[in-house]
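Below is the file my_file.cif, which contains mmCIF, C-alpha atoms and all ligand atoms.
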data_my_file
#
loop_
_atom_site.group_PDB
_atom_site.id
_atom_site.type_symbol
_atom_site.label_atom_id
_atom_site.label_comp_id
_atom_site.auth_asym_id
_atom_site.auth_seq_id
_atom_site.Cartn_x
_atom_site.Cartn_y
_atom_site.Cartn_z
ATOM 1 C CA MET Z 101 88.241 101.835 115.977
ATOM 2 C CA THR Z 102 88.948 99.495 113.069
ATOM 3 C CA VAL Z 103 91.509 100.425 110.422
ATOM 4 C CA TRP Z 104 90.575 98.934 107.039
ATOM 5 C CA ALA Z 105 92.703 98.254 103.971
ATOM 6 C CA MET Z 106 90.271 98.383 101.031
ATOM 7 C CA TYR Z 107 91.710 98.090 97.542
ATOM 8 C CA TRP Z 108 91.491 97.010 93.917
ATOM 9 C CA SER Z 109 94.846 95.640 92.770
ATOM 10 C CA ALA Z 110 95.307 93.595 89.590
ATOM 11 C CA THR Z 111 99.075 93.063 89.945
ATOM 12 C CA GLY Z 112 99.456 93.535 93.699
ATOM 13 C CA THR Z 113 101.264 96.891 93.992
ATOM 14 C CA THR Z 114 98.241 98.777 95.362
ATOM 15 C CA GLU Z 115 97.577 95.933 97.779
ATOM 16 C CA LYS Z 116 101.148 96.132 99.128
ATOM 17 C CA VAL Z 117 101.130 99.884 99.816
ATOM 18 C CA VAL Z 118 97.559 100.083 101.161
ATOM 19 C CA THR Z 119 98.122 97.105 103.475
ATOM 20 C CA THR Z 120 101.409 98.524 104.782
ATOM 21 C CA ILE Z 121 99.792 101.886 105.552
ATOM 22 C CA ALA Z 122 96.657 100.397 107.143
ATOM 23 C CA GLN Z 123 98.520 97.840 109.267
ATOM 24 C CA THR Z 124 101.033 100.425 110.485
ATOM 25 C CA THR Z 125 98.306 102.926 111.339
ATOM 26 C CA ALA Z 126 96.358 100.235 113.212
ATOM 27 C CA ALA Z 127 99.473 99.261 115.180
ATOM 28 C CA CYS Z 128 100.231 102.927 116.087
ATOM 29 C CA LEU Z 129 96.662 103.423 117.316
ATOM 30 C CA GLY Z 130 96.262 100.032 118.975
ATOM 31 C CA ALA Z 131 93.228 99.529 116.686
ATOM 32 C CA ALA Z 132 91.873 96.399 114.989
ATOM 33 C CA PHE Z 133 92.843 95.753 111.330
ATOM 34 C CA GLN Z 134 90.633 94.337 108.569
ATOM 35 C CA SER Z 135 90.977 94.180 104.806
ATOM 36 C CA TYR Z 136 88.605 94.105 101.849
ATOM 37 C CA ASP Z 137 89.985 93.269 98.412
ATOM 38 C CA PHE Z 138 87.507 94.114 95.632
ATOM 39 C CA THR Z 139 89.744 93.105 92.722
ATOM 40 C CA LEU Z 140 87.643 90.101 91.669
ATOM 41 C CA PRO Z 141 84.109 90.553 90.300
ATOM 42 C CA GLY Z 142 82.431 88.600 93.133
ATOM 43 C CA MET Z 143 83.863 91.007 95.701
ATOM 44 C CA ARG Z 144 82.251 93.952 93.888
ATOM 45 C CA GLU Z 145 78.764 92.623 94.591
ATOM 46 C CA HIS Z 146 79.057 93.932 98.157
ATOM 47 C CA ALA Z 147 81.038 96.353 100.320
ATOM 48 C CA PRO Z 148 81.739 96.326 104.051
ATOM 49 C CA GLU Z 149 79.440 98.335 106.360
ATOM 50 C CA PHE Z 150 81.567 101.183 107.656
ATOM 51 C CA MET Z 151 80.918 103.237 110.780
ATOM 52 C CA ALA Z 152 81.905 106.796 111.726
ATOM 53 C CA ASP Z 153 84.782 105.632 113.931
ATOM 54 C CA ASP Z 154 86.356 103.439 111.214
ATOM 55 C CA LEU Z 155 89.387 104.531 109.212
ATOM 56 C CA VAL Z 156 89.556 103.215 105.649
ATOM 57 C CA VAL Z 157 92.830 103.270 103.682
ATOM 58 C CA PHE Z 158 91.348 103.034 100.187
ATOM 59 C CA GLY Z 159 93.450 102.286 97.117
ATOM 60 C CA THR Z 160 93.230 101.919 93.348
ATOM 61 C CA PRO Z 161 95.846 102.120 90.589
ATOM 62 C CA THR Z 162 96.041 105.033 88.142
ATOM 63 C CA TYR Z 163 94.806 104.126 84.657
ATOM 64 C CA ALA Z 164 95.235 106.811 81.956
ATOM 65 C CA GLY Z 165 95.826 109.428 84.637
ATOM 66 C CA ARG Z 166 92.575 108.674 86.448
ATOM 67 C CA VAL Z 167 90.802 106.142 88.658
ATOM 68 C CA PRO Z 168 90.169 103.058 86.401
ATOM 69 C CA ASN Z 169 86.837 103.912 84.773
ATOM 70 C CA VAL Z 170 85.536 100.322 84.985
ATOM 71 C CA LEU Z 171 85.515 100.719 88.791
ATOM 72 C CA LEU Z 172 83.344 103.842 88.863
ATOM 73 C CA PRO Z 173 79.950 102.057 89.060
ATOM 74 C CA TYR Z 174 81.122 100.023 92.061
ATOM 75 C CA LEU Z 175 82.868 102.924 93.775
ATOM 76 C CA THR Z 176 79.685 104.994 93.819
ATOM 77 C CA THR Z 177 77.869 102.198 95.705
ATOM 78 C CA VAL Z 178 80.317 102.123 98.644
ATOM 79 C CA ARG Z 179 78.904 103.907 101.726
ATOM 80 C CA GLY Z 180 81.270 105.725 104.079
ATOM 81 C CA ASN Z 181 78.691 106.562 106.774
ATOM 82 C CA GLY Z 182 81.084 109.234 108.063
ATOM 83 C CA ALA Z 183 84.163 106.969 108.278
ATOM 84 C CA LEU Z 184 87.571 108.626 107.961
ATOM 85 C CA ALA Z 185 89.434 107.786 104.753
ATOM 86 C CA VAL Z 186 92.930 107.919 103.291
ATOM 87 C CA PRO Z 187 92.769 107.683 99.468
ATOM 88 C CA ILE Z 188 95.851 106.061 97.900
ATOM 89 C CA VAL Z 189 96.688 105.677 94.211
ATOM 90 C CA LEU Z 190 99.526 103.695 92.653
ATOM 91 C CA PHE Z 191 101.050 104.792 89.344
ATOM 92 C CA GLY Z 192 103.568 103.171 87.015
ATOM 93 C CA ASN Z 193 106.350 105.795 87.036
ATOM 94 C CA ARG Z 194 104.716 108.137 84.474
ATOM 95 C CA ASN Z 195 102.295 110.315 86.494
ATOM 96 C CA PHE Z 196 99.156 110.008 88.591
ATOM 97 C CA ASP Z 197 97.680 113.159 86.994
ATOM 98 C CA ASP Z 198 94.121 113.575 88.381
ATOM 99 C CA ALA Z 199 93.670 110.067 89.831
ATOM 100 C CA LEU Z 200 94.242 111.026 93.467
ATOM 101 C CA ILE Z 201 91.998 114.076 93.457
ATOM 102 C CA GLU Z 202 89.347 112.010 91.664
ATOM 103 C CA LEU Z 203 89.526 109.200 94.252
ATOM 104 C CA ARG Z 204 89.390 111.755 97.075
ATOM 105 C CA ASP Z 205 86.258 113.317 95.574
ATOM 106 C CA ILE Z 206 84.583 109.926 94.971
ATOM 107 C CA LEU Z 207 85.161 108.944 98.599
ATOM 108 C CA ALA Z 208 83.877 112.305 99.877
ATOM 109 C CA ALA Z 209 80.730 111.900 97.727
ATOM 110 C CA ASP Z 210 80.277 108.402 99.219
ATOM 111 C CA GLY Z 211 80.145 109.899 102.729
ATOM 112 C CA PHE Z 212 83.770 109.334 103.792
ATOM 113 C CA ARG Z 213 85.977 112.021 105.366
ATOM 114 C CA PRO Z 214 89.315 111.955 103.431
ATOM 115 C CA PHE Z 215 91.864 113.730 105.649
ATOM 116 C CA ALA Z 216 95.192 112.475 104.200
ATOM 117 C CA ALA Z 217 96.141 111.061 100.785
ATOM 118 C CA ALA Z 218 99.121 109.685 98.860
ATOM 119 C CA ALA Z 219 100.303 108.527 95.450
ATOM 120 C CA PHE Z 220 102.927 105.760 95.371
ATOM 121 C CA VAL Z 221 104.858 104.151 92.503
ATOM 122 C CA GLY Z 222 104.283 100.535 91.420
ATOM 123 C CA GLU Z 223 105.830 98.425 88.671
ATOM 124 C CA HIS Z 224 103.931 99.309 85.510
ATOM 125 C CA SER Z 225 101.167 96.851 84.613
ATOM 126 C CA PHE Z 226 102.435 96.710 80.988
ATOM 127 C CA SER Z 227 106.097 96.110 81.781
ATOM 128 C CA ASN Z 228 108.707 94.177 83.757
ATOM 129 C CA THR Z 229 111.272 96.990 83.505
ATOM 130 C CA LEU Z 230 109.299 100.201 84.115
ATOM 131 C CA ALA Z 231 109.498 100.863 87.889
ATOM 132 C CA ALA Z 232 110.587 97.225 88.224
ATOM 133 C CA GLY Z 233 110.071 95.808 91.701
ATOM 134 C CA ARG Z 234 108.342 98.891 93.066
ATOM 135 C CA PRO Z 235 107.089 99.575 95.634
ATOM 136 C CA ASP Z 236 110.601 98.819 96.916
ATOM 137 C CA ALA Z 237 112.080 99.012 100.431
ATOM 138 C CA ASP Z 238 112.407 102.821 100.246
ATOM 139 C CA ASP Z 239 108.772 103.186 99.134
ATOM 140 C CA LEU Z 240 107.543 100.922 101.929
ATOM 141 C CA ALA Z 241 109.651 102.772 104.519
ATOM 142 C CA LEU Z 242 107.981 105.990 103.334
ATOM 143 C CA ALA Z 243 104.573 104.277 103.577
ATOM 144 C CA VAL Z 244 105.364 103.435 107.223
ATOM 145 C CA ARG Z 245 106.394 107.055 107.984
ATOM 146 C CA PHE Z 246 103.242 108.339 106.268
ATOM 147 C CA ALA Z 247 101.108 105.949 108.351
ATOM 148 C CA GLU Z 248 102.761 107.220 111.548
ATOM 149 C CA GLN Z 249 101.832 110.784 110.516
ATOM 150 C CA VAL Z 250 98.267 109.648 109.781
ATOM 151 C CA ALA Z 251 98.039 108.169 113.293
ATOM 152 C CA ASN Z 252 99.437 111.400 114.806
ATOM 153 C CA ARG Z 253 96.870 113.504 112.966
ATOM 154 C CA LEU Z 254 94.095 111.292 114.261
ATOM 155 C CA ARG Z 255 95.377 111.596 117.819
ATOM 156 C CA ASP Z 256 95.381 115.403 117.392
ATOM 157 C CA GLY Z 257 91.880 115.332 115.846
ATOM 158 C CA ARG Z 258 93.022 117.166 112.694
ATOM 159 C CA VAL Z 259 90.758 115.538 110.098
ATOM 160 C CA ASP Z 260 89.772 118.339 107.688
ATOM 161 C CA LEU Z 261 89.346 117.552 103.967
ATOM 162 C CA ILE Z 262 92.835 117.092 102.505
ATOM 163 C CA GLU Z 263 94.074 119.342 99.661
ATOM 164 C CA VAL Z 264 95.524 117.347 96.747
ATOM 165 C CA ASP Z 265 97.447 118.515 93.646
ATOM 166 C CA GLY Z 266 95.530 118.111 90.410
ATOM 167 C CA ARG Z 267 92.456 119.628 88.915
ATOM 168 C CA ALA Z 268 88.872 119.009 89.891
ATOM 169 C CA GLU Z 269 87.469 115.741 88.545
ATOM 170 C CA GLY Z 270 86.266 116.091 84.954
ATOM 171 C CA GLN Z 271 88.525 118.992 84.000
ATOM 172 C CA ARG Z 272 91.257 116.888 82.413
ATOM 173 C CA THR Z 273 90.458 114.009 80.064
ATOM 174 C CA TYR Z 274 92.002 110.546 80.205
ATOM 175 C CA TYR Z 275 95.676 110.303 79.177
ATOM 176 C CA GLN Z 276 95.818 109.352 75.484
ATOM 177 C CA PRO Z 277 98.688 107.269 74.039
ATOM 178 C CA ARG Z 278 99.771 108.388 70.553
ATOM 179 C CA ASP Z 279 101.804 106.911 67.702
ATOM 180 C CA ARG Z 280 104.843 108.497 65.954
ATOM 181 C CA ALA Z 281 102.583 110.659 63.810
ATOM 182 C CA GLY Z 282 100.638 111.890 66.842
ATOM 183 C CA ASN Z 283 97.541 109.826 66.059
ATOM 184 C CA PRO Z 284 95.709 108.269 69.035
ATOM 185 C CA ILE Z 285 96.500 104.587 69.701
ATOM 186 C CA ASP Z 286 93.287 102.710 70.447
ATOM 187 C CA ILE Z 287 93.987 99.588 72.516
ATOM 188 C CA ARG Z 288 90.459 99.086 73.826
ATOM 189 C CA ARG Z 289 89.874 95.858 71.877
ATOM 190 C CA VAL Z 290 93.358 94.415 72.462
ATOM 191 C CA LYS Z 291 93.536 91.168 74.470
ATOM 192 C CA PRO Z 292 96.512 88.962 75.375
ATOM 193 C CA ASN Z 293 97.275 85.933 73.209
ATOM 194 C CA THR Z 294 98.020 82.509 74.705
ATOM 195 C CA SER Z 295 101.087 80.540 73.621
ATOM 196 C CA ASP Z 296 101.689 76.777 73.465
ATOM 197 C CA ALA Z 297 103.448 77.053 76.853
ATOM 198 C CA CYS Z 298 99.984 77.113 78.464
ATOM 199 C CA ASP Z 299 99.131 73.974 80.441
ATOM 200 C CA ASP Z 300 95.515 74.984 81.160
ATOM 201 C CA CYS Z 301 96.101 75.464 84.897
ATOM 202 C CA GLY Z 302 93.325 78.098 84.995
ATOM 203 C CA LEU Z 303 95.240 80.593 87.173
ATOM 204 C CA CYS Z 304 94.738 83.419 84.684
ATOM 205 C CA ALA Z 305 90.963 82.873 84.582
ATOM 206 C CA ALA Z 306 90.812 82.927 88.381
ATOM 207 C CA ALA Z 307 92.910 86.131 88.500
ATOM 208 C CA CYS Z 308 91.114 88.198 85.840
ATOM 209 C CA PRO Z 309 89.407 91.157 87.589
ATOM 210 C CA MET Z 310 86.873 91.382 84.766
ATOM 211 C CA GLY Z 311 86.019 87.655 84.830
ATOM 212 C CA SER Z 312 86.768 87.738 81.100
ATOM 213 C CA ILE Z 313 88.868 84.577 80.624
ATOM 214 C CA ASP Z 314 86.872 81.409 79.909
ATOM 215 C CA LEU Z 315 87.851 78.797 82.528
ATOM 216 C CA GLN Z 316 86.957 75.972 80.098
ATOM 217 C CA ASP Z 317 89.228 77.444 77.390
ATOM 218 C CA VAL Z 318 91.649 80.144 78.544
ATOM 219 C CA ARG Z 319 92.289 81.185 74.909
ATOM 220 C CA ASN Z 320 88.694 82.366 74.747
ATOM 221 C CA TYR Z 321 87.538 85.722 76.152
ATOM 222 C CA VAL Z 322 84.001 86.149 77.415
ATOM 223 C CA GLY Z 323 84.203 89.839 78.358
ATOM 224 C CA ILE Z 324 86.294 92.994 78.076
ATOM 225 C CA CYS Z 325 90.044 93.219 78.683
ATOM 226 C CA ILE Z 326 91.344 96.303 80.515
ATOM 227 C CA LYS Z 327 95.036 95.370 79.973
ATOM 228 C CA CYS Z 328 95.466 95.181 83.781
ATOM 229 C CA GLY Z 329 98.385 92.733 83.447
ATOM 230 C CA ALA Z 330 97.106 90.191 85.985
ATOM 231 C CA CYS Z 331 96.967 87.216 83.588
ATOM 232 C CA VAL Z 332 100.267 88.137 81.903
ATOM 233 C CA LYS Z 333 102.216 88.627 85.150
ATOM 234 C CA LYS Z 334 100.616 85.749 87.094
ATOM 235 C CA CYS Z 335 100.884 83.013 84.447
ATOM 236 C CA PRO Z 336 103.523 80.578 85.787
ATOM 237 C CA HIS Z 337 104.630 79.734 82.206
ATOM 238 C CA GLY Z 338 104.671 83.212 80.667
ATOM 239 C CA ALA Z 339 102.057 81.994 78.199
ATOM 240 C CA LYS Z 340 99.949 85.179 78.024
ATOM 241 C CA TYR Z 341 101.444 87.875 75.780
ATOM 242 C CA TYR Z 342 100.471 90.826 73.579
ATOM 243 C CA ASP Z 343 101.309 91.114 69.902
ATOM 244 C CA ASP Z 344 99.231 94.186 69.015
ATOM 245 C CA SER Z 345 101.550 96.724 67.370
ATOM 246 C CA GLY Z 346 99.851 99.767 68.950
ATOM 247 C CA TYR Z 347 100.074 98.272 72.447
ATOM 248 C CA LEU Z 348 103.723 97.265 71.948
ATOM 249 C CA TYR Z 349 104.637 100.715 70.589
ATOM 250 C CA HIS Z 350 103.017 102.428 73.593
ATOM 251 C CA LYS Z 351 104.732 100.073 76.038
ATOM 252 C CA ALA Z 352 108.163 100.639 74.437
ATOM 253 C CA GLU Z 353 107.626 104.393 74.446
ATOM 254 C CA LEU Z 354 106.710 104.423 78.157
ATOM 255 C CA GLU Z 355 109.751 102.280 78.988
ATOM 256 C CA ALA Z 356 112.033 104.633 77.039
ATOM 257 C CA GLU Z 357 110.579 107.964 78.195
ATOM 258 C CA TYR Z 358 109.970 107.300 81.891
ATOM 259 C CA GLN Z 359 113.247 105.754 83.031
ATOM 260 C CA ARG Z 360 113.834 108.386 85.733
ATOM 261 C CA ARG Z 361 112.769 107.400 89.234
ATOM 262 C CA ALA Z 362 109.416 108.988 90.086
ATOM 263 C CA GLU Z 363 108.865 109.529 93.801
ATOM 264 C CA PRO Z 364 105.695 109.117 95.862
ATOM 265 C CA SER Z 365 103.694 112.225 96.887
ATOM 266 C CA CYS Z 366 102.200 112.298 100.384
ATOM 267 C CA TYR Z 367 99.530 114.818 101.439
ATOM 268 C CA ILE Z 368 99.152 115.077 105.185
HETATM 269 C C1 LIG L 401 95.305 100.585 81.360
HETATM 270 C C2 LIG L 401 96.388 101.101 82.250
HETATM 271 C C3 LIG L 401 96.669 102.462 82.273
HETATM 272 C C4 LIG L 401 97.681 102.957 83.101
HETATM 273 N N1 LIG L 401 97.897 104.303 83.123
HETATM 274 C C5 LIG L 401 98.902 104.805 83.884
HETATM 275 C C6 LIG L 401 99.153 106.211 83.909
HETATM 276 O O1 LIG L 401 98.417 107.020 83.350
HETATM 277 N N2 LIG L 401 100.229 106.651 84.606
HETATM 278 C C7 LIG L 401 101.079 105.802 85.258
HETATM 279 O O2 LIG L 401 102.074 106.260 85.807
HETATM 280 N N3 LIG L 401 100.815 104.459 85.305
HETATM 281 C C8 LIG L 401 99.750 103.943 84.642
HETATM 282 N N4 LIG L 401 99.481 102.600 84.685
HETATM 283 C C9 LIG L 401 100.296 101.727 85.554
HETATM 284 C C10 LIG L 401 99.623 101.389 86.892
HETATM 285 O O3 LIG L 401 99.026 102.524 87.479
HETATM 286 C C11 LIG L 401 100.658 100.830 87.887
HETATM 287 O O4 LIG L 401 101.420 99.820 87.308
HETATM 288 C C12 LIG L 401 100.055 100.336 89.177
HETATM 289 O O5 LIG L 401 101.116 100.123 90.092
HETATM 290 C C13 LIG L 401 99.262 99.037 89.009
HETATM 291 O O6 LIG L 401 98.574 98.740 90.206
HETATM 292 P P1 LIG L 401 98.216 97.231 90.659
HETATM 293 O O7 LIG L 401 99.525 96.486 90.811
HETATM 294 O O8 LIG L 401 97.564 97.411 91.981
HETATM 295 O O9 LIG L 401 97.337 96.629 89.619
HETATM 296 C C14 LIG L 401 98.454 102.069 83.901
HETATM 297 C C15 LIG L 401 98.169 100.698 83.868
HETATM 298 C C16 LIG L 401 97.140 100.226 83.056
HETATM 299 C C17 LIG L 401 96.829 98.753 83.079
HETATM 300 S S1 LIG L 402 97.873 80.900 83.826
HETATM 301 FE FE1 LIG L 402 99.129 80.531 82.012
HETATM 302 S S2 LIG L 402 99.408 78.305 81.970
HETATM 303 FE FE2 LIG L 402 97.703 78.705 83.378
HETATM 304 S S3 LIG L 402 95.869 78.565 82.068
HETATM 305 FE FE3 LIG L 402 96.473 80.725 82.090
HETATM 306 S S4 LIG L 402 97.792 80.984 80.275
HETATM 307 FE FE4 LIG L 402 97.622 78.774 80.682
HETATM 308 S S1 LIG L 403 92.329 89.310 80.256
HETATM 309 FE FE1 LIG L 403 92.731 91.495 80.367
HETATM 310 S S2 LIG L 403 91.478 92.178 82.113
HETATM 311 FE FE2 LIG L 403 91.686 89.937 82.299
HETATM 312 S S3 LIG L 403 93.522 89.608 83.576
HETATM 313 FE FE3 LIG L 403 94.207 89.592 81.453
HETATM 314 S S4 LIG L 403 94.878 91.701 81.077
HETATM 315 FE FE4 LIG L 403 93.544 91.745 82.896
#
Take the structure in the file and write it out as structure tokens.
Amino acid sequence: MTVWAMYWSATGTTEKVVTTIAQTTAACLGAAFQSYDFTLPGMREHAPEFMADDLVVFGTPTYAGRVPNVLLPYLTTVRGNGALAVPIVLFGNRNFDDALIELRDILAADGFRPFAAAAFVGEHSFSNTLAAGRPDADDLALAVRFAEQVANRLRDGRVDLIEVDGRAEGQRTYYQPRDRAGNPIDIRRVKPNTSDACDDCGLCAAACPMGSIDLQDVRNYVGICIKCGACVKKCPHGAKYYDDSGYLYHKAELEAEYQRRAEPSCYI
């Protein structure tokens, strides 16, 4: 058996949790470990060939309470071929809403057998204070315990479809940010600005999961921005920033309203 860590992770929180769970499960089972990171566009041109005796720990973040919709075309092309799967979503301390049940259902439709699932907390893509530093040591210790339970279930052969909280995919719409008056905030066209601190190192262009930052001129965008936070958080000079009032209002509201510590949810 090979245990895979397969994930999309713009700011690294999904990568951390999925890798911890997959590596721990592999160690418990004495199985081989492999990983497939489909964050960058080139990696979404293909997917690994899975087999029925593989186990795939499969992770995405939660965006607007769901699996990021830009990933849906790729996700439907991945073939499970009967491999076992453990869907994992990360969320930024608000809520994962229907993201986990949606990811479970996508994987089942792809021919995987999802028999355990979990939602973990990661520092919010928009913020340095909301769930700052998470997943932290407590989260990763829980990820290790969850992986041990996953390995035990496999040893016992208990691999029925896992029940997950949330409604069936499609029943609840995407989470909608709103302004003070209750009007929807539309941030679809918002993109980060670039300050004079930029030294044209090109890191942001290399890190953009949409391939949308022009490598020749990082102030120029050649595609859509999904506000994933990769360029903002990875710029060594803090040169990428937002000044859109709707985006900044939504960010401040999230930081104010969701200060309590949200805990992971494990389904096993
Ligand atoms: C566009 C967008 C929408 C998001 N929506 C939610 C949400 O509905 N609930 C939540 O708790 N976190 C939300 N987040 C935060 C991410 O789910 C969270 O920060 C996650 O850990 C990021 O994963 P990554 O580090 O693998 O990119 C959102 C982030 C982005 C960029
Ligand atoms: S990562 Fe920062 S410094 Fe480097 S090119 Fe991008 S904006 Fe400029
Ligand atoms: S430009 Fe947008 S999509 Fe690309 S890395 Fe920056 S925030 Fe993410």
Distance filter 7 Å around ligand LIG 401 (chain L), atoms: all atoms listed in the file, out as a PyMOL selection string: chain Z and resi 108-115+160-166+190-196+221-226+275+326-329
List the residues matched by the PyMOL selection byres (((not hetatm)) within 9 of (chain L and resi 403)) in the displayed structure as a list of chain:residue names, ordered by chain and then by residue number.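 This file gives the following for the PyMOL selection byres (((not hetatm)) within 9 of (chain L and resi 403)): Z:Ala110, Z:Ser225, Z:Val290, Z:Lys291, Z:Pro292, Z:Cys304, Z:Ala305, Z:Ala306, Z:Ala307, Z:Cys308, Z:Pro309, Z:Met310, Z:Gly311, Z:Ser312, Z:Ile313, Z:Tyr321, Z:Gly323, Z:Ile324, Z:Cys325, Z:Ile326, Z:Lys327, Z:Cys328, Z:Gly329, Z:Ala330, Z:Cys331, Z:Val332, Z:Lys333, Z:Lys334, Z:Lys340.
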Show me which residues are within 6 Å of ligand LIG 402 (chain L) counting all atoms listed in the file, and format the list as a list in words. Thr294, Cys298, Asp299, Asp300, Cys301, Gly302, Leu303, Cys304, Val318, Cys335, Pro336, His337, Ala339 and Lys340 of chain Z
Dump as an mmCIF file, in the frame of the given file, selection limited to C-alpha atoms:
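Final file, selection_20.cif:
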data_model
loop_
_atom_site.group_PDB
_atom_site.id
_atom_site.type_symbol
_atom_site.label_atom_id
_atom_site.label_comp_id
_atom_site.auth_asym_id
_atom_site.auth_seq_id
_atom_site.Cartn_x
_atom_site.Cartn_y
_atom_site.Cartn_z
ATOM 1 C CA THR Z 294 98.020 82.509 74.705
ATOM 2 C CA CYS Z 298 99.984 77.113 78.464
ATOM 3 C CA ASP Z 299 99.131 73.974 80.441
ATOM 4 C CA ASP Z 300 95.515 74.984 81.160
ATOM 5 C CA CYS Z 301 96.101 75.464 84.897
ATOM 6 C CA GLY Z 302 93.325 78.098 84.995
ATOM 7 C CA LEU Z 303 95.240 80.593 87.173
ATOM 8 C CA CYS Z 304 94.738 83.419 84.684
ATOM 9 C CA VAL Z 318 91.649 80.144 78.544
ATOM 10 C CA CYS Z 335 100.884 83.013 84.447
ATOM 11 C CA PRO Z 336 103.523 80.578 85.787
ATOM 12 C CA HIS Z 337 104.630 79.734 82.206
ATOM 13 C CA ALA Z 339 102.057 81.994 78.199
ATOM 14 C CA LYS Z 340 99.949 85.179 78.024
#
Residues at most 6 Å from segment 255-265 of chain Z, counting all atoms listed in the file, excluding those fewer than 4 positions away in the same chain, as a list in words?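 Listed by chain and then number, they are Ile201, Pro214, Phe215 and Ala216 of chain Z.
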Counting only C-alpha atoms, the option among Z:Met151, Z:Met143, Z:Ala251, Z:Leu203 closest to Ala131 of chain Z: Z:Ala251
Within 12 Å of (97.2, 99.1, 111.6), all atoms listed in the file: residues as a compact mmCIF listing (two decimals) with C-alpha atoms, in the frame of the given file?
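New file result04.txt:
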# COMPACT_ATOMS: atom_id res chain seq x y z
CA MET Z 101 88.24 101.84 115.98
CA THR Z 102 88.95 99.50 113.07
CA VAL Z 103 91.51 100.42 110.42
CA TRP Z 104 90.58 98.93 107.04
CA ALA Z 105 92.70 98.25 103.97
CA VAL Z 118 97.56 100.08 101.16
CA THR Z 119 98.12 97.10 103.48
CA THR Z 120 101.41 98.52 104.78
CA ILE Z 121 99.79 101.89 105.55
CA ALA Z 122 96.66 100.40 107.14
CA GLN Z 123 98.52 97.84 109.27
CA THR Z 124 101.03 100.42 110.48
CA THR Z 125 98.31 102.93 111.34
CA ALA Z 126 96.36 100.24 113.21
CA ALA Z 127 99.47 99.26 115.18
CA CYS Z 128 100.23 102.93 116.09
CA LEU Z 129 96.66 103.42 117.32
CA GLY Z 130 96.26 100.03 118.98
CA ALA Z 131 93.23 99.53 116.69
CA ALA Z 132 91.87 96.40 114.99
CA PHE Z 133 92.84 95.75 111.33
CA GLN Z 134 90.63 94.34 108.57
CA SER Z 135 90.98 94.18 104.81
CA ASP Z 154 86.36 103.44 111.21
CA LEU Z 155 89.39 104.53 109.21
CA VAL Z 156 89.56 103.22 105.65
CA VAL Z 157 92.83 103.27 103.68
CA VAL Z 244 105.36 103.44 107.22
CA ALA Z 247 101.11 105.95 108.35
CA GLU Z 248 102.76 107.22 111.55
CA VAL Z 250 98.27 109.65 109.78
CA ALA Z 251 98.04 108.17 113.29
Enclose the full set of atoms of segment 197-215 of chain Z listed in the file within a box whose edges lie along x, y and z, apply 3 Å of padding to each of the six sides, and report centre and edge lengths in Å to one decimal as AutoDock Vina command-line options.
--center_x 88.9 --center_y 111.2 --center_z 96.3 --size_x 23.5 --size_y 11.7 --size_z 24.7
Resolved residues for the PyMOL selection byres (((chain Z and resi 361) around 10) and not hetatm) as a ChimeraX atom specification: /Z:193-194,221,230-231,358-360,362-364
Saved selection, atoms kept: C-alpha atoms, as a CSV table (one decimal), in the coordinates of the input:
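Listed below is the output, selection_35.csv:
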chain,number,residue,atom,x,y,z
Z,193,ASN,CA,106.4,105.8,87.0
Z,194,ARG,CA,104.7,108.1,84.5
Z,221,VAL,CA,104.9,104.2,92.5
Z,230,LEU,CA,109.3,100.2,84.1
Z,231,ALA,CA,109.5,100.9,87.9
Z,358,TYR,CA,110.0,107.3,81.9
Z,359,GLN,CA,113.2,105.8,83.0
Z,360,ARG,CA,113.8,108.4,85.7
Z,362,ALA,CA,109.4,109.0,90.1
Z,363,GLU,CA,108.9,109.5,93.8
Z,364,PRO,CA,105.7,109.1,95.9
